[in-house]
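Reproduced below: start_31.txt, with compact mmCIF, C-alpha atoms.
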# COMPACT_ATOMS: atom_id res chain seq x y z
CA MET A 1 44.81 -40.18 26.98
CA ALA A 2 47.16 -42.91 28.17
CA PRO A 3 47.02 -45.64 29.15
CA VAL A 4 43.75 -47.04 27.78
CA THR A 5 42.34 -49.28 30.50
CA ARG A 6 40.64 -52.69 30.39
CA VAL A 7 42.32 -53.80 27.18
CA GLU A 8 45.14 -56.32 26.66
CA GLY A 9 48.63 -54.81 26.50
CA HIS A 10 49.62 -51.16 26.49
CA SER A 11 48.16 -48.65 24.04
CA LYS A 12 47.67 -44.93 23.71
CA LEU A 13 45.10 -42.43 22.49
CA VAL A 14 46.16 -39.09 21.05
CA LEU A 15 43.10 -37.02 20.20
CA GLU A 16 42.67 -33.63 18.55
CA THR A 17 39.39 -32.06 19.67
CA ASN A 18 37.48 -28.85 19.02
CA ASP A 19 36.25 -26.48 21.72
CA ASP A 20 33.15 -28.64 22.23
CA GLY A 21 35.21 -31.76 22.95
CA ILE A 22 34.41 -33.42 19.62
CA VAL A 23 37.27 -35.51 18.26
CA GLU A 24 38.48 -34.11 14.95
CA LYS A 25 41.49 -36.41 14.61
CA GLY A 26 41.86 -39.77 16.34
CA ASN A 27 45.10 -41.66 16.82
CA TYR A 28 45.08 -45.08 18.48
CA PHE A 29 48.26 -47.16 18.54
CA SER A 30 50.34 -49.73 20.41
CA ILE A 31 53.03 -48.71 22.88
CA THR A 32 53.66 -52.29 24.01
CA PRO A 33 57.42 -53.03 23.87
CA VAL A 34 58.59 -55.20 20.99
CA ARG A 35 59.19 -58.90 21.76
CA ASN A 36 60.71 -59.95 18.40
CA PHE A 37 58.77 -63.20 17.89
CA GLU A 38 58.91 -62.88 14.11
CA LYS A 39 62.68 -62.41 14.17
CA PHE A 40 63.78 -65.12 16.59
CA LEU A 41 61.83 -67.72 14.58
CA ILE A 42 64.22 -67.29 11.66
CA GLY A 43 66.44 -70.35 11.28
CA LYS A 44 64.46 -72.42 13.79
CA PRO A 45 62.86 -75.80 12.98
CA MET A 46 59.37 -75.32 11.56
CA GLU A 47 57.87 -77.37 14.40
CA PHE A 48 58.86 -74.57 16.76
CA ALA A 49 56.57 -72.01 15.06
CA PRO A 50 53.17 -72.89 16.62
CA LEU A 51 54.79 -73.47 20.01
CA ALA A 52 56.55 -70.09 19.95
CA THR A 53 53.77 -67.97 18.45
CA SER A 54 51.23 -69.29 20.93
CA ARG A 55 53.31 -67.39 23.51
CA ILE A 56 52.60 -64.07 21.75
CA CYS A 57 49.47 -63.70 23.87
CA GLY A 58 47.95 -65.30 26.95
CA ILE A 59 44.39 -64.51 25.81
CA CYS A 60 44.51 -65.80 22.24
CA PRO A 61 47.31 -68.41 22.11
CA ILE A 62 45.26 -70.99 20.21
CA THR A 63 44.51 -68.75 17.24
CA HIS A 64 48.24 -68.03 16.88
CA ALA A 65 49.13 -71.72 17.02
CA CYS A 66 46.49 -72.56 14.40
CA ALA A 67 47.42 -69.73 12.02
CA SER A 68 51.11 -70.55 12.47
CA ALA A 69 50.69 -74.26 11.78
CA GLU A 70 48.65 -73.55 8.66
CA ALA A 71 51.12 -70.96 7.33
CA VAL A 72 53.91 -73.53 7.62
CA GLU A 73 51.73 -76.27 6.11
CA ASP A 74 50.87 -74.02 3.17
CA SER A 75 54.57 -73.29 2.63
CA ILE A 76 55.55 -76.97 2.57
CA GLY A 77 52.46 -78.12 0.66
CA VAL A 78 50.88 -80.32 3.35
CA GLU A 79 47.17 -80.78 4.07
CA PRO A 80 46.31 -82.23 7.52
CA PRO A 81 43.78 -85.09 7.77
CA THR A 82 40.09 -84.27 8.13
CA ASP A 83 39.83 -85.28 11.77
CA GLY A 84 42.97 -83.32 12.61
CA MET A 85 41.43 -80.21 11.07
CA LEU A 86 38.16 -80.75 12.93
CA LEU A 87 40.00 -80.91 16.25
CA ARG A 88 42.08 -77.85 15.39
CA GLU A 89 38.96 -75.91 14.48
CA LEU A 90 37.28 -77.00 17.72
CA ALA A 91 40.23 -75.70 19.75
CA ALA A 92 40.16 -72.37 17.89
CA ILE A 93 36.42 -71.99 18.40
CA ALA A 94 36.82 -72.74 22.11
CA ASN A 95 39.42 -69.97 22.28
CA LYS A 96 36.78 -67.48 21.09
CA MET A 97 34.19 -69.01 23.43
CA HIS A 98 36.67 -68.34 26.24
CA SER A 99 37.61 -64.81 25.14
CA HIS A 100 34.19 -63.27 24.44
CA PRO A 101 32.83 -63.66 28.00
CA LEU A 102 36.06 -62.12 29.31
CA HIS A 103 35.40 -59.09 27.12
CA SER A 104 31.93 -58.85 28.65
CA ILE A 105 33.53 -58.63 32.09
CA LEU A 106 35.87 -55.87 30.89
CA ILE A 107 33.02 -53.73 29.53
CA PHE A 108 30.60 -54.22 32.43
CA PRO A 109 31.59 -50.84 33.94
CA ASP A 110 30.95 -49.09 30.59
CA PHE A 111 27.33 -50.16 30.81
CA GLY A 112 26.72 -49.44 34.48
CA CYS A 113 27.17 -53.01 35.65
CA GLY A 114 29.22 -52.78 38.82
CA VAL A 115 29.14 -50.16 41.57
CA GLY A 116 25.53 -49.12 42.15
CA PHE A 117 24.18 -52.04 40.11
CA ASP A 118 22.02 -54.73 41.72
CA LYS A 119 24.77 -56.75 43.41
CA ASN A 120 22.94 -60.05 43.05
CA VAL A 121 22.37 -59.57 39.32
CA TYR A 122 25.98 -58.44 38.88
CA ALA A 123 27.30 -61.44 40.84
CA GLU A 124 25.19 -63.80 38.73
CA ALA A 125 26.49 -62.21 35.51
CA MET A 126 30.11 -62.60 36.65
CA LYS A 127 29.49 -66.18 37.72
CA ARG A 128 27.88 -66.96 34.35
CA CYS A 129 30.81 -65.50 32.39
CA GLN A 130 33.34 -67.43 34.42
CA GLY A 131 31.31 -70.61 34.00
CA MET A 132 31.38 -70.17 30.23
CA ARG A 133 35.12 -69.55 30.28
CA LYS A 134 35.74 -72.64 32.42
CA ILE A 135 33.90 -74.86 29.92
CA ALA A 136 35.75 -73.35 26.95
CA GLN A 137 39.11 -73.69 28.68
CA ASN A 138 38.40 -77.34 29.40
CA ILE A 139 37.66 -77.96 25.71
CA ILE A 140 41.06 -76.50 24.79
CA ASP A 141 42.70 -78.58 27.52
CA VAL A 142 41.14 -81.83 26.29
CA VAL A 143 41.54 -81.18 22.56
CA GLY A 144 44.83 -79.28 22.57
CA GLY A 145 46.62 -81.06 25.39
CA GLU A 146 46.84 -77.97 27.60
CA GLY A 147 44.53 -75.09 28.44
CA LEU A 148 46.83 -72.29 27.25
CA HIS A 149 49.75 -73.24 25.01
CA ALA A 150 48.24 -76.34 23.41
CA PRO A 151 51.10 -78.73 22.44
CA ASP A 152 48.84 -80.96 20.32
CA ILE A 153 48.53 -78.27 17.60
CA VAL A 154 51.44 -79.36 15.42
CA ILE A 155 52.64 -79.06 11.85
CA GLY A 156 50.72 -81.70 9.90
CA GLY A 157 47.57 -81.71 12.04
CA MET A 158 46.95 -82.59 15.67
CA GLN A 159 49.22 -84.77 17.77
CA HIS A 160 46.41 -86.83 19.31
CA ASN A 161 42.75 -87.65 18.77
CA ILE A 162 40.30 -87.69 21.68
CA SER A 163 38.51 -90.69 23.14
CA ASP A 164 34.82 -91.52 22.80
CA LEU A 165 34.38 -90.73 26.50
CA ALA A 166 36.06 -87.34 26.12
CA LYS A 167 33.84 -86.61 23.11
CA ALA A 168 30.71 -87.42 25.10
CA LYS A 169 31.81 -85.22 28.00
CA LEU A 170 32.56 -82.32 25.69
CA GLN A 171 29.15 -82.67 24.04
CA SER A 172 27.53 -82.50 27.47
CA SER A 173 29.55 -79.42 28.45
CA LEU A 174 28.58 -77.68 25.19
CA ARG A 175 24.91 -78.13 26.02
CA THR A 176 25.58 -76.35 29.32
CA TYR A 177 27.51 -73.64 27.50
CA GLU A 178 24.61 -73.11 25.10
CA GLN A 179 22.22 -72.59 27.99
CA LEU A 180 24.61 -70.11 29.63
CA THR A 181 25.02 -68.33 26.28
CA ASN A 182 21.30 -67.80 25.94
CA GLU A 183 21.11 -66.30 29.43
CA HIS A 184 24.21 -64.18 28.85
CA SER A 185 22.92 -62.89 25.53
CA ASP A 186 19.65 -61.75 27.08
CA PHE A 187 21.53 -59.99 29.87
CA MET A 188 24.04 -58.21 27.62
CA MET A 189 21.46 -57.15 25.05
CA GLY A 190 19.48 -55.65 27.92
CA LEU A 191 22.53 -53.63 29.01
CA PHE A 192 23.07 -52.42 25.45
CA LYS A 193 19.41 -51.45 25.05
CA ASP A 194 19.37 -49.48 28.30
CA SER A 195 22.67 -47.66 27.67
CA GLU A 196 22.72 -43.93 27.02
CA TYR A 197 25.40 -44.09 24.34
CA PRO A 198 24.52 -42.56 20.95
CA SER A 199 23.30 -45.14 18.45
CA ASP A 200 25.75 -43.76 15.86
CA MET A 201 28.75 -43.79 18.21
CA GLY A 202 31.94 -45.01 16.56
CA LEU A 203 30.81 -44.90 12.94
CA HIS A 204 33.37 -45.07 10.12
CA ASP A 205 33.14 -45.55 6.38
CA TYR A 206 35.77 -48.28 5.92
CA ASN A 207 35.02 -51.74 4.55
CA VAL A 208 35.16 -54.98 6.55
CA PHE A 209 37.34 -58.05 6.06
CA ALA A 210 36.58 -61.55 7.29
CA SER A 211 37.77 -64.83 5.80
CA ASP A 212 35.33 -67.25 7.44
CA LEU A 213 32.43 -67.31 9.89
CA THR A 214 34.04 -69.50 12.56
CA TYR A 215 37.53 -70.65 11.52
CA GLY A 216 39.59 -69.20 8.64
CA ASP A 217 40.22 -69.38 4.89
CA ARG A 218 43.58 -68.37 3.41
CA THR A 219 42.10 -68.10 -0.09
CA ALA A 220 40.14 -65.04 1.05
CA PHE A 221 43.28 -62.97 1.66
CA PRO A 222 43.25 -59.85 -0.61
CA TRP A 223 46.70 -60.33 -2.15
CA ASP A 224 46.09 -58.02 -5.11
CA THR A 225 45.24 -54.93 -3.04
CA PHE A 226 46.97 -55.51 0.33
CA ASN A 227 49.94 -53.56 1.62
CA GLU A 228 51.54 -53.01 5.02
CA GLU A 229 52.68 -49.49 5.94
CA GLN A 230 55.07 -48.27 8.61
CA PRO A 231 53.26 -46.06 11.18
CA ASN A 232 55.41 -43.00 10.47
CA ASN A 233 54.04 -43.08 6.92
CA TRP A 234 50.42 -43.23 8.11
CA TYR A 235 49.83 -41.21 11.27
CA SER A 236 49.55 -37.48 10.58
CA SER A 237 51.71 -36.66 13.59
CA LEU A 238 55.38 -37.61 13.26
CA GLU A 239 55.60 -37.89 17.04
CA VAL A 240 52.79 -40.46 17.05
CA GLY A 241 54.25 -42.28 14.05
CA LEU A 242 57.60 -42.74 15.76
CA GLU A 243 56.05 -43.79 19.09
CA ALA A 244 53.69 -46.37 17.59
CA ASN A 245 54.95 -49.97 17.75
CA ASN A 246 52.44 -51.32 15.21
CA THR A 247 52.31 -51.39 11.44
CA ILE A 248 49.26 -50.41 9.36
CA CYS A 249 47.39 -52.97 7.22
CA LEU A 250 45.58 -51.57 4.19
CA VAL A 251 43.36 -53.09 1.50
CA GLY A 252 43.05 -51.00 -1.63
CA GLY A 253 44.90 -48.20 0.15
CA GLU A 254 42.30 -48.03 2.97
CA PRO A 255 41.99 -49.61 6.42
CA VAL A 256 39.40 -52.30 7.05
CA GLU A 257 37.50 -53.47 10.13
CA VAL A 258 37.99 -57.05 11.27
CA GLY A 259 36.25 -58.93 14.06
CA PRO A 260 32.78 -60.14 15.02
CA ARG A 261 30.87 -57.41 13.17
CA ALA A 262 32.97 -58.01 10.06
CA ARG A 263 32.17 -61.73 10.19
CA ALA A 264 28.47 -61.09 10.77
CA ALA A 265 28.34 -58.54 7.93
CA THR A 266 30.22 -60.80 5.50
CA PHE A 267 28.51 -64.11 6.19
CA LYS A 268 25.20 -63.36 7.93
CA GLY A 269 23.94 -60.14 6.32
CA PHE A 270 24.35 -58.06 9.50
CA THR A 271 23.88 -54.40 8.51
CA GLU A 272 24.27 -52.45 11.76
CA ARG A 273 27.35 -50.25 12.09
CA GLY A 274 29.33 -48.55 14.83
CA ALA A 275 30.63 -49.47 18.25
CA MET A 276 27.34 -50.81 19.60
CA ALA A 277 26.95 -53.01 16.51
CA ILE A 278 30.32 -54.62 17.28
CA GLN A 279 29.20 -55.37 20.83
CA LYS A 280 25.95 -56.95 19.61
CA ALA A 281 27.69 -59.00 16.94
CA ARG A 282 30.18 -60.36 19.47
CA ILE A 283 27.45 -61.56 21.83
CA ARG A 284 25.38 -63.07 19.02
CA GLU A 285 28.47 -64.85 17.72
CA LEU A 286 28.61 -67.00 20.85
CA GLY A 287 25.55 -68.94 19.64
CA THR A 288 27.13 -69.50 16.22
CA LEU A 289 30.33 -70.76 17.82
CA VAL A 290 28.73 -73.24 20.19
CA HIS A 291 26.53 -74.67 17.43
CA ARG A 292 29.56 -75.17 15.16
CA ALA A 293 31.45 -76.82 18.03
CA GLU A 294 28.55 -79.24 18.50
CA ASN A 295 28.55 -80.04 14.78
CA ILE A 296 32.30 -80.66 14.80
CA LEU A 297 31.97 -83.26 17.53
CA ASP A 298 29.15 -84.92 15.60
CA GLU A 299 31.43 -85.12 12.54
CA LEU A 300 34.57 -86.21 14.39
CA ASN A 301 35.77 -89.81 14.04
CA THR A 302 37.59 -90.52 17.29
CA SER A 303 39.43 -93.40 15.58
CA GLY A 304 40.53 -91.22 12.67
CA VAL A 305 44.08 -90.21 11.77
CA THR A 306 44.89 -86.66 12.90
CA LYS A 307 48.45 -86.04 11.67
CA VAL A 308 50.68 -86.60 8.64
CA ASN A 309 54.49 -86.78 8.52
CA VAL A 310 56.20 -83.51 7.49
CA ALA A 311 59.90 -84.04 8.31
CA GLY A 312 62.39 -82.01 6.30
CA LEU A 313 59.95 -80.49 3.82
CA GLY A 314 59.90 -77.00 2.30
CA ASP A 315 61.28 -75.15 -0.72
CA ASN A 316 61.05 -71.56 0.55
CA GLU A 317 57.56 -70.99 -0.86
CA LEU A 318 55.46 -68.32 0.87
CA GLY A 319 52.73 -69.92 2.97
CA ILE A 320 49.78 -68.22 4.61
CA GLY A 321 47.49 -69.24 7.45
CA ILE A 322 44.38 -67.35 8.51
CA ASN A 323 42.44 -67.99 11.67
CA GLU A 324 39.43 -65.88 12.65
CA ALA A 325 40.42 -64.94 16.17
CA ALA A 326 38.05 -63.40 18.69
CA ARG A 327 39.18 -59.97 17.49
CA GLY A 328 39.27 -60.73 13.75
CA ALA A 329 41.45 -62.14 10.98
CA ASN A 330 44.74 -63.41 12.39
CA VAL A 331 47.16 -63.87 9.49
CA HIS A 332 50.54 -65.62 9.70
CA MET A 333 52.98 -65.85 6.79
CA ALA A 334 55.98 -68.17 6.57
CA ARG A 335 58.67 -69.41 4.23
CA VAL A 336 60.11 -72.84 5.08
CA LYS A 337 63.09 -74.49 3.43
CA GLU A 338 64.17 -78.02 4.31
CA GLY A 339 62.29 -77.90 7.57
CA ARG A 340 63.58 -74.53 8.78
CA ILE A 341 61.89 -71.13 8.88
CA ARG A 342 63.40 -68.52 6.54
CA TYR A 343 60.78 -65.76 6.85
CA TYR A 344 57.91 -65.01 9.23
CA ASN A 345 55.30 -62.25 9.56
CA CYS A 346 52.13 -61.79 11.62
CA LEU A 347 49.17 -59.58 10.69
CA VAL A 348 47.06 -59.93 13.79
CA PRO A 349 43.51 -58.61 14.25
CA THR A 350 44.36 -55.47 16.21
CA THR A 351 47.00 -54.55 13.63
CA TRP A 352 44.19 -54.39 11.07
CA ASN A 353 41.96 -52.41 13.45
CA TYR A 354 44.32 -49.66 14.70
CA PRO A 355 43.61 -47.21 11.85
CA THR A 356 39.94 -48.21 11.84
CA ILE A 357 39.60 -47.46 15.54
CA SER A 358 41.39 -44.16 15.00
CA LYS A 359 38.82 -43.19 12.37
CA ALA A 360 35.88 -44.46 14.44
CA LEU A 361 36.80 -42.03 17.23
CA GLU A 362 36.28 -39.00 15.01
CA GLY A 363 32.99 -37.12 15.24
CA ASP A 364 32.21 -38.30 18.77
CA HIS A 365 32.89 -36.59 22.09
CA TYR A 366 36.22 -37.52 23.63
CA LYS A 367 34.42 -38.92 26.71
CA PHE A 368 33.27 -41.83 24.52
CA ALA A 369 36.76 -42.56 23.16
CA GLU A 370 37.75 -45.41 25.49
CA VAL A 371 34.29 -46.99 25.17
CA ILE A 372 34.72 -47.05 21.38
CA VAL A 373 38.22 -48.51 21.69
CA ARG A 374 37.03 -51.26 24.03
CA ALA A 375 34.27 -52.23 21.58
CA TYR A 376 37.05 -53.64 19.38
CA ASP A 377 38.56 -55.60 22.31
CA PRO A 378 42.15 -54.69 21.30
CA CYS A 379 45.00 -57.14 21.88
CA ASN A 380 48.00 -54.83 21.78
CA SER A 381 50.74 -57.30 22.65
CA CYS A 382 49.84 -59.39 19.60
CA ALA A 383 50.04 -56.36 17.34
CA THR A 384 53.53 -55.15 18.25
CA HIS A 385 56.17 -55.22 15.49
CA MET A 386 59.75 -54.09 15.01
CA ILE A 387 59.98 -50.60 13.49
CA VAL A 388 62.87 -50.12 11.04
CA LEU A 389 64.02 -46.51 10.61
CA ASP A 390 66.60 -47.17 7.89
CA PRO A 391 66.19 -50.53 6.06
CA GLU A 392 69.51 -50.18 4.18
CA LYS A 393 71.52 -49.68 7.36
CA ALA A 394 69.21 -51.87 9.50
CA ILE A 395 68.81 -49.07 12.05
CA ILE A 396 65.95 -49.61 14.48
CA GLN A 397 64.39 -47.45 17.17
CA ASN A 398 66.59 -48.34 20.13
CA LYS A 399 64.04 -47.47 22.83
CA MET A 400 61.83 -50.30 21.54
CA ILE A 401 64.24 -53.19 22.16
When written as structure tokens, how does the structure in this file appear?
Amino acid sequence: MAPVTRVEGHSKLVLETNDDGIVEKGNYFSITPVRNFEKFLIGKPMEFAPLATSRICGICPITHACASAEAVEDSIGVEPPTDGMLLRELAAIANKMHSHPLHSILIFPDFGCGVGFDKNVYAEAMKRCQGMRKIAQNIIDVVGGEGLHAPDIVIGGMQHNISDLAKAKLQSSLRTYEQLTNEHSDFMMGLFKDSEYPSDMGLHDYNVFASDLTYGDRTAFPWDTFNEEQPNNWYSSLEVGLEANNTICLVGGEPVEVGPRARAATFKGFTERGAMAIQKARIRELGTLVHRAENILDELNTSGVTKVNVAGLGDNELGIGINEAARGANVHMARVKEGRIRYYNCLVPTTWNYPTISKALEGDHYKFAEVIVRAYDPCNSCATHMIVLDPEKAIIQNKMI
């Protein structure tokens, strides 16, 4: 089944089914061409990292900028000021507040919302989602300096603070967002309740991984049990393994699930499992996000310092930054020496989820496969890596350049 529709980037499903159409072996992987972000950063000034990595994706640029800045800061041993971190967290939260309603739009057809649905109700739902996204995008614009590739997210903190007037306007817009969230939650939960999908659709027995409820915590990274596998060592089909453009992240030798359900299970005691549980957790998370955004603005000192000087620092220590993106734990790793990047690696949410999605497809009818995939809201462009066929001779798969 290719391509998978209504997801970001290009991906593919290869399913092995029995005579009844039940998936016995699921394979989900990226076929998005490699862009080489991690390679062309090598040798560049460290200040370039958040600017460049925010271009990895047009949906989640802020999470990449935040994770990138914090990976570099960890490498050079710098801690941004409190108000700088509050503003950075606010921008990252707004990115999720912008992304989640977009996912709702993408799954509307899966739940009968579209052709044949009450056109007035459908129009109102679309209008509500776009209203939420407009508010979130404005927050990123004001806090980050631009709505997409925010230039104010810099090594050492944030380039600028916001004014008292801007703070007041953002607080007002968050109150509107909260009202829209409540309406949207009621609407989406109604769609989920009325759906005919099996309640156990998309079950798997893997663990979850989340570092923080709303932002990110590098100390939660499972260093002792983590490893990253090449796809040809993981997928049972060699053909699939050579076609896949993503690596495989494992904890204790097993995949994990990252994302809104993982955060809810880790920090809020959420016990539901499966594809529908992910959808519910994502919608419920909107309330958590807007409340944290309101608290951040209450804490923020608009006269506070937001950035420290970082020129020329770095002794090639490995630094890590984790930001909880809309789709899960977004991990960036960097080594910086004398202000220049010597090593870079990204472990983005969908990289973590590829093998988990593959497993979640098994045991269900193939007609549910794309619905299960979309529950994870994959971001395939983010998850594309270079595949090395022979490390000693540095031979790569030519078709992927």
Non-local contacts of region 219-222 of chain A (9 Å; all atoms listed in the file; under 5 positions in same chain excluded) as a list in words: Phe209, Ala210, Ser211, Asp212, Val251, Gly252, Ile320, Ile322 and Val331 of chain A
Report, in Å with one decimal, the straight-line distance from CA of Val208 (chain A) to CA of Val258 (chain A).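 Computing the Euclidean distance for CA of Val208 (chain A) and CA of Val258 (chain A) yields 5.9 Å.
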Distance CA of Glu239 (chain A)-CA of Pro33 (chain A), one decimal place?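 Here the two named atoms are 16.7 Å from each other.
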Of the residues A:His10, A:Lys367, A:Arg374, A:Lys337, which is the one nearest to Gly77 (chain A), using all atoms listed in the file? A:Lys337
Just checking: using all atoms listed in the file, which residue out of A:Met333, A:Leu250, A:Leu361, A:Met158 ends up closest to Thr82 (chain A)?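 The answer is A:Met158, which sits nearest to Thr82 (chain A).
When only C-alpha atoms are used to compute distances to Arg175 (chain A), the closest of the residues A:Glu294, A:Asp83, A:Glu257, A:Asp217 turns out to be A:Glu294.
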